[in-house]
Amino acid sequence: MGDRPTIFALSSAPGRAAIAVVRVSGTRAGAVIDQMAPPRPIDRMSGVRRIRHPESGETLDQGVIIWLAGPKTDTSEDIAEFHVHGGTAIVRSVLSAIGSLPGCRLAEPGEFTRRAFENGKIDLAQAEARADLVDAETEAQRRQALRQMSGALSSLYDGWRSQLIEASSLVETAIDFSDELDVANVALDRSHELARNLRAAIAAHFEDGNRGEILREGFRVVLAGAPNVGKSSLLNALARRDAAIVSEEEGTTRDVIEVRLDLEGLPVVISDTAGIRDAQEGSVEREGVRRTLASARDAEFVIWLSDATVPEVKPPGEIADRGEGVLHVANKIDLLNASKTCCNGLAISAKTGAGIDGLSGRLASLARERIGDVEAPPITRARHRENLSTCLASLDTFLSSVPGEIELRAEDLRRATYALGRITGRVDVEDLLGQVFSRFCIGK
Ligand SMILES: Nc1nc2c(ncn2[C@@H]2O[C@H](COP(=O)(O)OP(=O)(O)OP(=O)(O)O)[C@@H](O)[C@H]2O)c(=O)[nH]1
Ligand SMILES: [Mg+2]
């Protein structure tokens with residue numbers, strides 16, 4: 001690791017700001033402070049220093065320098081932080097000055113976290129959680145990312161993985177003792193029992209209605225309805241801003257417009273769509289309708305909006321067939337006579353705001369139902385789901401095996417272990433070998 005370049009980058013957001021933070025990680029981090037802003041502060045302390053160009057000696061800025069000696073750091077390497085004034089010219093000059101020093105280069109995207117992973121500080125699932133934490137927009141997402149970062153998901157998978165390794169070593173024992181049938185059978189029965197229990201636990205985790213992915217990406221709600229019923233107006237009312245164009249012209253919205261909302265701490269993505277009607281073949285509007293139906297298919301929930309002042313237009317079959325997954329809402333109730341009652345479902349006015357809070361609350365509770373209790377770590381990424389699915393398939397093959405094929409079936413367990421290991425990034429065979437060899441007697 002000693003000859004690895006030292007990496008540096010602007011770690012705060014780009015653009016003008018009061019303060020910008022430039023982080024340096026690697027063996028030369030201390031030397032960067034020594035050459036640009038001496039003297040180096042005591043480990044884990046900060047100091048105000050004049051920051052100079054290492055060659056010309058020109059003063060670039062005055063700032064706070066923090067020195068963190070490895071390995072007890074984020075990356076496990078030595079880290080220096082330059083807290084400078086957040087002007088673009090200052091940041092550029094500090095970055096270029098550090099870049100002029102030998103052994104230092106700009107970090108690639110995610111490279112600090114990659115080093116933390118490569119140095120064994122965090123595993124892959126924790127690295128992904130770090131990215132999720134930075135991207136978190138709502139409370140529920142923040143809590144989930146923080147839990148995953150602290151290793152909740154990793155310890156679940158690592159726990160399963162060590163049980164799989166135990167099942168594997170029992171199968172190895174059965175193979176080794178194939179001429180002593182009673183020993184072999186006991187080991188084999190025990191490995192089957194372990195695999196059966198594991199399969200049930202993994203399957204329960206796997207069949208969670210995608211709640212983790214929904215939490216990470218948002219509960220998707222599509223606003224659909226005939227043209228001019230007020231879909232774009234409703235989107236704006238829910239978002240409390242003018243996100244979509246509203247006009248009395250029919251067919252105003254052509255493309256799908258998405259707005260991300262934080263409803264009671266849960267991420268909800270609302271899509272405004274083109275009004276559904278029979279449009280001319282090949283027309284732009286026809287394409288709009290196709291997109292509306294496609295996004296309704298991918299959504300967790302559809303709001304079928306209608307105009308309370310005209311006879312209700314029925315939704316097309318593919319939306320009506322969603323059953324519980326569609327909510328009928330009547331809009332423009334402000335235009336109705338006070339004496340006239342209307343509508344079976346929810347009634348609102350996007351214009352006056354009547355019923356909008358009720359509708360928001362309804363969407364939040366639907367999202368909460370789907371995302372559910374986030375205490376148990378959910379699957380948040382397709383990558384995890386794929387590996388879990390491989391793991392389950394391999395366990396199934398193992399469990400359906402006949403005794404004669406035991407050598408082949410040992411391979412199924414290895415494949416299952418490997419799939420789980422890929423989620424957290426542990427793919428070595430060391431621990432399997434450890435388990436296998438620990439059963440040998442001393443001196444063998
Ligand atoms: N009085 C009243 N007018 C409304 C209400 N909601 C929308 N409108 C009006 O209805 C017209 C159509 O509204 P839009 O929000 O553009 O309707 P849309 O469903 O998005 O229409 P398309 O995109 O063309 O399919 C506009 O003139 C709005 O001002 C409401 O609650 N009350
Ligand atoms: Mg519209």
# chains A, B, ... in the order shown; residues from 1 in each chain; ligands from 1

$ closest_atom_pairs --of "chain A" --to "ligand 1" --cutoff "9 Å" --atoms "only C-alpha atoms and all ligand atoms" --output "Markdown table"
| residue | atom | partner | partner_atom_place_in_ligand_line | distance |
| --- | --- | --- | --- | --- |
| A:Leu223 | CA | ligand 1 | 19 (O) | 8.8 |
| A:Ala224 | CA | ligand 1 | 19 (O) | 7.9 |
| A:Gly225 | CA | ligand 1 | 19 (O) | 6.7 |
| A:Ala226 | CA | ligand 1 | 25 (O) | 6.2 |
| A:Pro227 | CA | ligand 1 | 25 (O) | 3.3 |
| A:Asn228 | CA | ligand 1 | 21 (O) | 3.4 |
| A:Val229 | CA | ligand 1 | 19 (O) | 4.1 |
| A:Gly230 | CA | ligand 1 | 17 (O) | 3.3 |
| A:Lys231 | CA | ligand 1 | 19 (O) | 3.8 |
| A:Ser232 | CA | ligand 1 | 20 (O) | 3.7 |
| A:Ser233 | CA | ligand 1 | 15 (O) | 3.6 |
| A:Leu234 | CA | ligand 1 | 15 (O) | 6.5 |
| A:Leu235 | CA | ligand 1 | 15 (O) | 8.0 |
| A:Asn236 | CA | ligand 1 | 15 (O) | 8.3 |
| A:Ala244 | CA | ligand 1 | 20 (O) | 8.1 |
| A:Ile245 | CA | ligand 1 | 16 (O) | 6.4 |
| A:Val246 | CA | ligand 1 | 16 (O) | 3.5 |
| A:Ser247 | CA | ligand 1 | 16 (O) | 4.3 |
| A:Glu248 | CA | ligand 1 | 27 (O) | 3.5 |
| A:Glu249 | CA | ligand 1 | 24 (O) | 5.9 |
| A:Glu250 | CA | ligand 1 | 24 (O) | 3.9 |
| A:Gly251 | CA | ligand 1 | 24 (O) | 3.4 |
| A:Thr252 | CA | ligand 1 | 24 (O) | 3.8 |
| A:Thr253 | CA | ligand 1 | 23 (O) | 3.7 |
| A:Arg254 | CA | ligand 1 | 23 (O) | 7.0 |
| A:Asp272 | CA | ligand 1 | 20 (O) | 7.3 |
| A:Thr273 | CA | ligand 1 | 23 (O) | 7.0 |
| A:Ala274 | CA | ligand 1 | 25 (O) | 5.0 |
| A:Gly275 | CA | ligand 1 | 25 (O) | 3.6 |
| A:Ile276 | CA | ligand 1 | 25 (O) | 7.3 |
| A:Leu305 | CA | ligand 1 | 19 (O) | 8.0 |
| A:Ser306 | CA | ligand 1 | 19 (O) | 8.5 |
| A:Asp307 | CA | ligand 1 | 6 (N) | 8.3 |
| A:Asn331 | CA | ligand 1 | 31 (O) | 5.3 |
| A:Lys332 | CA | ligand 1 | 31 (O) | 3.4 |
| A:Ile333 | CA | ligand 1 | 31 (O) | 6.3 |
| A:Asp334 | CA | ligand 1 | 32 (N) | 5.7 |
| A:Leu335 | CA | ligand 1 | 1 (N) | 5.5 |
| A:Ile348 | CA | ligand 1 | 31 (O) | 6.8 |
| A:Ser349 | CA | ligand 1 | 31 (O) | 3.5 |
| A:Ala350 | CA | ligand 1 | 31 (O) | 3.8 |
| A:Lys351 | CA | ligand 1 | 31 (O) | 4.0 |
| A:Thr352 | CA | ligand 1 | 31 (O) | 6.4 |
| A:Gly353 | CA | ligand 1 | 31 (O) | 7.6 |
| A:Ala354 | CA | ligand 1 | 31 (O) | 8.3 |

$ write_last_selection --atoms "C-alpha atoms" --output "mmCIF file, in the first residue's frame"
data_model
loop_
_atom_site.group_PDB
_atom_site.id
_atom_site.type_symbol
_atom_site.label_atom_id
_atom_site.label_comp_id
_atom_site.auth_asym_id
_atom_site.auth_seq_id
_atom_site.Cartn_x
_atom_site.Cartn_y
_atom_site.Cartn_z
ATOM 1 C CA LEU A 223 -51.679 10.969 -11.749
ATOM 2 C CA ALA A 224 -53.787 9.874 -14.699
ATOM 3 C CA GLY A 225 -57.120 10.902 -16.155
ATOM 4 C CA ALA A 226 -58.842 12.425 -19.152
ATOM 5 C CA PRO A 227 -57.406 15.663 -20.566
ATOM 6 C CA ASN A 228 -58.084 18.878 -18.659
ATOM 7 C CA VAL A 229 -59.362 17.292 -15.440
ATOM 8 C CA GLY A 230 -56.627 19.114 -13.487
ATOM 9 C CA LYS A 231 -53.789 16.562 -13.157
ATOM 10 C CA SER A 232 -51.050 19.170 -13.542
ATOM 11 C CA SER A 233 -52.896 21.473 -11.144
ATOM 12 C CA LEU A 234 -53.044 18.657 -8.595
ATOM 13 C CA LEU A 235 -49.321 17.950 -9.009
ATOM 14 C CA ASN A 236 -48.583 21.615 -8.329
ATOM 15 C CA ALA A 244 -46.005 21.604 -14.365
ATOM 16 C CA ILE A 245 -47.719 23.861 -16.904
ATOM 17 C CA VAL A 246 -51.456 24.314 -16.354
ATOM 18 C CA SER A 247 -53.782 25.613 -19.049
ATOM 19 C CA GLU A 248 -57.387 25.331 -20.127
ATOM 20 C CA GLU A 249 -56.209 23.805 -23.395
ATOM 21 C CA GLU A 250 -56.752 20.052 -23.582
ATOM 22 C CA GLY A 251 -53.594 18.016 -24.065
ATOM 23 C CA THR A 252 -51.222 20.506 -22.388
ATOM 24 C CA THR A 253 -49.053 17.871 -20.750
ATOM 25 C CA ARG A 254 -47.264 15.610 -23.220
ATOM 26 C CA ASP A 272 -48.036 14.037 -13.878
ATOM 27 C CA THR A 273 -48.944 12.506 -17.220
ATOM 28 C CA ALA A 274 -50.629 13.277 -20.517
ATOM 29 C CA GLY A 275 -54.427 13.053 -20.430
ATOM 30 C CA ILE A 276 -55.768 9.763 -21.746
ATOM 31 C CA LEU A 305 -58.566 11.956 -11.549
ATOM 32 C CA SER A 306 -61.858 13.155 -12.981
ATOM 33 C CA ASP A 307 -63.696 16.438 -13.347
ATOM 34 C CA ASN A 331 -61.464 17.451 -8.850
ATOM 35 C CA LYS A 332 -62.906 20.964 -9.296
ATOM 36 C CA ILE A 333 -65.476 20.634 -6.504
ATOM 37 C CA ASP A 334 -65.249 24.402 -6.085
ATOM 38 C CA LEU A 335 -67.330 24.666 -9.269
ATOM 39 C CA ILE A 348 -60.876 17.805 -3.989
ATOM 40 C CA SER A 349 -60.203 21.156 -5.547
ATOM 41 C CA ALA A 350 -56.695 21.657 -6.851
ATOM 42 C CA LYS A 351 -57.567 25.323 -7.226
ATOM 43 C CA THR A 352 -58.720 26.141 -3.682
ATOM 44 C CA GLY A 353 -56.732 23.414 -1.944
ATOM 45 C CA ALA A 354 -59.847 21.720 -0.510
#

$ residues_around --residues "Ser76 (chain A)" --least-positions-apart "6" --cutoff "12 Å" --atoms "only C-alpha atoms" --output "ChimeraX atom specification"
/A:1,25-27,68-70,112-122

$ write_last_selection --atoms "all heavy atoms" --output "compact mmCIF listing (two decimals), in the first residue's frame"
# COMPACT_ATOMS: atom_id res chain seq x y z
N MET A 1 0.83 -1.20 0.00
CA MET A 1 0.00 0.00 0.00
C MET A 1 0.87 1.26 0.00
O MET A 1 0.40 2.35 -0.33
CB MET A 1 -0.90 0.03 1.25
CG MET A 1 -1.86 -1.13 1.32
SD MET A 1 -3.31 -0.92 0.25
CE MET A 1 -4.04 -2.53 0.33
N SER A 25 -5.81 12.13 1.25
CA SER A 25 -5.67 10.86 1.94
C SER A 25 -4.52 10.06 1.33
O SER A 25 -4.43 9.91 0.12
CB SER A 25 -6.97 10.06 1.82
OG SER A 25 -6.81 8.78 2.38
N GLY A 26 -3.64 9.55 2.19
CA GLY A 26 -2.54 8.72 1.71
C GLY A 26 -1.28 9.02 2.49
O GLY A 26 -1.24 9.89 3.35
N THR A 27 -0.22 8.30 2.12
CA THR A 27 1.04 8.40 2.88
C THR A 27 1.66 9.80 2.83
O THR A 27 2.42 10.17 3.69
CB THR A 27 2.08 7.40 2.34
OG1 THR A 27 2.09 7.53 0.92
CG2 THR A 27 1.74 5.98 2.71
N LEU A 68 -5.07 14.14 10.68
CA LEU A 68 -5.56 12.87 11.24
C LEU A 68 -4.62 11.75 10.80
O LEU A 68 -4.61 11.38 9.62
CB LEU A 68 -6.97 12.57 10.73
CG LEU A 68 -8.04 13.66 10.97
CD1 LEU A 68 -9.21 13.48 10.00
CD2 LEU A 68 -8.54 13.62 12.39
N ALA A 69 -3.85 11.24 11.72
CA ALA A 69 -2.91 10.17 11.36
C ALA A 69 -3.66 8.86 11.26
O ALA A 69 -4.55 8.59 12.08
CB ALA A 69 -1.81 10.09 12.41
N GLY A 70 -3.34 8.04 10.24
CA GLY A 70 -3.96 6.73 10.08
C GLY A 70 -3.45 5.80 11.18
O GLY A 70 -2.50 6.14 11.87
N PHE A 112 -12.31 7.80 -2.14
CA PHE A 112 -12.06 7.78 -0.69
C PHE A 112 -12.79 6.59 -0.08
O PHE A 112 -12.22 5.85 0.73
CB PHE A 112 -12.56 9.09 -0.04
CG PHE A 112 -11.66 10.28 -0.32
CD1 PHE A 112 -11.94 11.15 -1.37
CD2 PHE A 112 -10.55 10.52 0.46
CE1 PHE A 112 -11.12 12.23 -1.63
CE2 PHE A 112 -9.73 11.61 0.21
CZ PHE A 112 -10.01 12.47 -0.84
N THR A 113 -14.04 6.40 -0.49
CA THR A 113 -14.82 5.28 0.05
C THR A 113 -14.24 3.95 -0.42
O THR A 113 -14.19 2.98 0.31
CB THR A 113 -16.30 5.40 -0.39
OG1 THR A 113 -16.74 6.71 -0.09
CG2 THR A 113 -17.17 4.41 0.33
N ARG A 114 -13.75 3.94 -1.68
CA ARG A 114 -13.15 2.71 -2.20
C ARG A 114 -11.93 2.32 -1.36
O ARG A 114 -11.72 1.15 -1.06
CB ARG A 114 -12.75 2.93 -3.66
CG ARG A 114 -12.25 1.66 -4.26
CD ARG A 114 -11.93 1.80 -5.71
NE ARG A 114 -11.40 0.52 -6.14
CZ ARG A 114 -11.69 -0.05 -7.28
NH1 ARG A 114 -12.49 0.55 -8.11
NH2 ARG A 114 -11.17 -1.20 -7.58
N ARG A 115 -11.15 3.32 -0.99
CA ARG A 115 -9.98 3.02 -0.16
C ARG A 115 -10.41 2.48 1.20
O ARG A 115 -9.78 1.58 1.75
CB ARG A 115 -9.12 4.26 0.00
CG ARG A 115 -8.39 4.56 -1.30
CD ARG A 115 -7.05 5.18 -1.08
NE ARG A 115 -6.38 5.25 -2.37
CZ ARG A 115 -5.29 5.96 -2.58
NH1 ARG A 115 -4.75 6.66 -1.60
NH2 ARG A 115 -4.73 5.96 -3.78
N ALA A 116 -11.49 3.07 1.74
CA ALA A 116 -12.00 2.58 3.03
C ALA A 116 -12.37 1.11 2.90
O ALA A 116 -12.09 0.29 3.78
CB ALA A 116 -13.21 3.40 3.47
N PHE A 117 -12.97 0.74 1.75
CA PHE A 117 -13.34 -0.66 1.51
C PHE A 117 -12.09 -1.53 1.34
O PHE A 117 -11.95 -2.57 1.98
CB PHE A 117 -14.23 -0.76 0.26
CG PHE A 117 -14.41 -2.16 -0.25
CD1 PHE A 117 -15.11 -3.09 0.50
CD2 PHE A 117 -13.87 -2.54 -1.48
CE1 PHE A 117 -15.27 -4.40 0.03
CE2 PHE A 117 -14.03 -3.84 -1.94
CZ PHE A 117 -14.73 -4.77 -1.18
N GLU A 118 -11.17 -1.06 0.48
CA GLU A 118 -9.98 -1.87 0.21
C GLU A 118 -9.10 -2.03 1.45
O GLU A 118 -8.41 -3.03 1.59
CB GLU A 118 -9.17 -1.24 -0.93
CG GLU A 118 -9.86 -1.47 -2.26
CD GLU A 118 -9.27 -0.67 -3.41
OE1 GLU A 118 -8.37 0.16 -3.17
OE2 GLU A 118 -9.71 -0.87 -4.54
N ASN A 119 -9.15 -1.05 2.33
CA ASN A 119 -8.35 -1.16 3.56
C ASN A 119 -9.11 -1.88 4.67
O ASN A 119 -8.67 -1.90 5.81
CB ASN A 119 -7.92 0.23 4.04
CG ASN A 119 -6.95 0.88 3.05
OD1 ASN A 119 -6.23 0.19 2.33
ND2 ASN A 119 -6.94 2.19 2.99
N GLY A 120 -10.29 -2.46 4.31
CA GLY A 120 -11.02 -3.28 5.28
C GLY A 120 -11.78 -2.47 6.32
O GLY A 120 -12.22 -3.01 7.34
N LYS A 121 -11.93 -1.17 6.09
CA LYS A 121 -12.62 -0.33 7.07
C LYS A 121 -14.13 -0.58 7.03
O LYS A 121 -14.80 -0.58 8.05
CB LYS A 121 -12.34 1.13 6.70
CG LYS A 121 -12.63 2.09 7.78
CD LYS A 121 -11.42 2.26 8.67
CE LYS A 121 -11.77 3.03 9.91
NZ LYS A 121 -10.66 3.02 10.86
N ILE A 122 -14.66 -0.74 5.82
CA ILE A 122 -16.09 -0.98 5.64
C ILE A 122 -16.26 -2.05 4.56
O ILE A 122 -15.32 -2.29 3.79
CB ILE A 122 -16.84 0.30 5.16
CG1 ILE A 122 -16.16 0.90 3.92
CG2 ILE A 122 -16.92 1.33 6.25
CD1 ILE A 122 -16.97 2.03 3.29

$ closest_atom_pairs --of "region 113-184 of chain A" --to "region 198-213 of chain A" --cutoff "8 Å" --atoms "only C-alpha atoms" --output "JSON lines"
{"residue": "A:Trp160", "atom": "CA", "partner": "A:Leu198", "partner_atom": "CA", "distance": 6.9}
{"residue": "A:Gln163", "atom": "CA", "partner": "A:Leu198", "partner_atom": "CA", "distance": 7.9}
{"residue": "A:Leu164", "atom": "CA", "partner": "A:Leu198", "partner_atom": "CA", "distance": 7.9}

$ closest_residue --among "A:Leu10, A:Val134, A:Glu386, A:Glu111" --to "Asp74 (chain A)" --atoms "only C-alpha atoms"
A:Glu111

$ closest_residue --among "A:Asp182, A:Thr309, A:Ser283, A:Arg49" --to "Asn337 (chain A)" --atoms "only C-alpha atoms"
A:Thr309

$ closest_residue --among "A:Gln280, A:Leu336, A:Val326, A:Asp242" --to "ligand 2" --atoms "only C-alpha atoms and all ligand atoms"
A:Asp242

$ closest_residue --among "A:Asp61, A:Asp3, A:Asp34, A:Asp262" --to "Ile19 (chain A)" --atoms "only C-alpha atoms"
A:Asp61

$ residues_around --residues "region 150-159 of chain A" --least-positions-apart "5" --cutoff "9 Å" --atoms "only C-alpha atoms" --output "PyMOL selection string"
chain A and resi 122-126+129+145+164+376-379+420-421+423-424+426
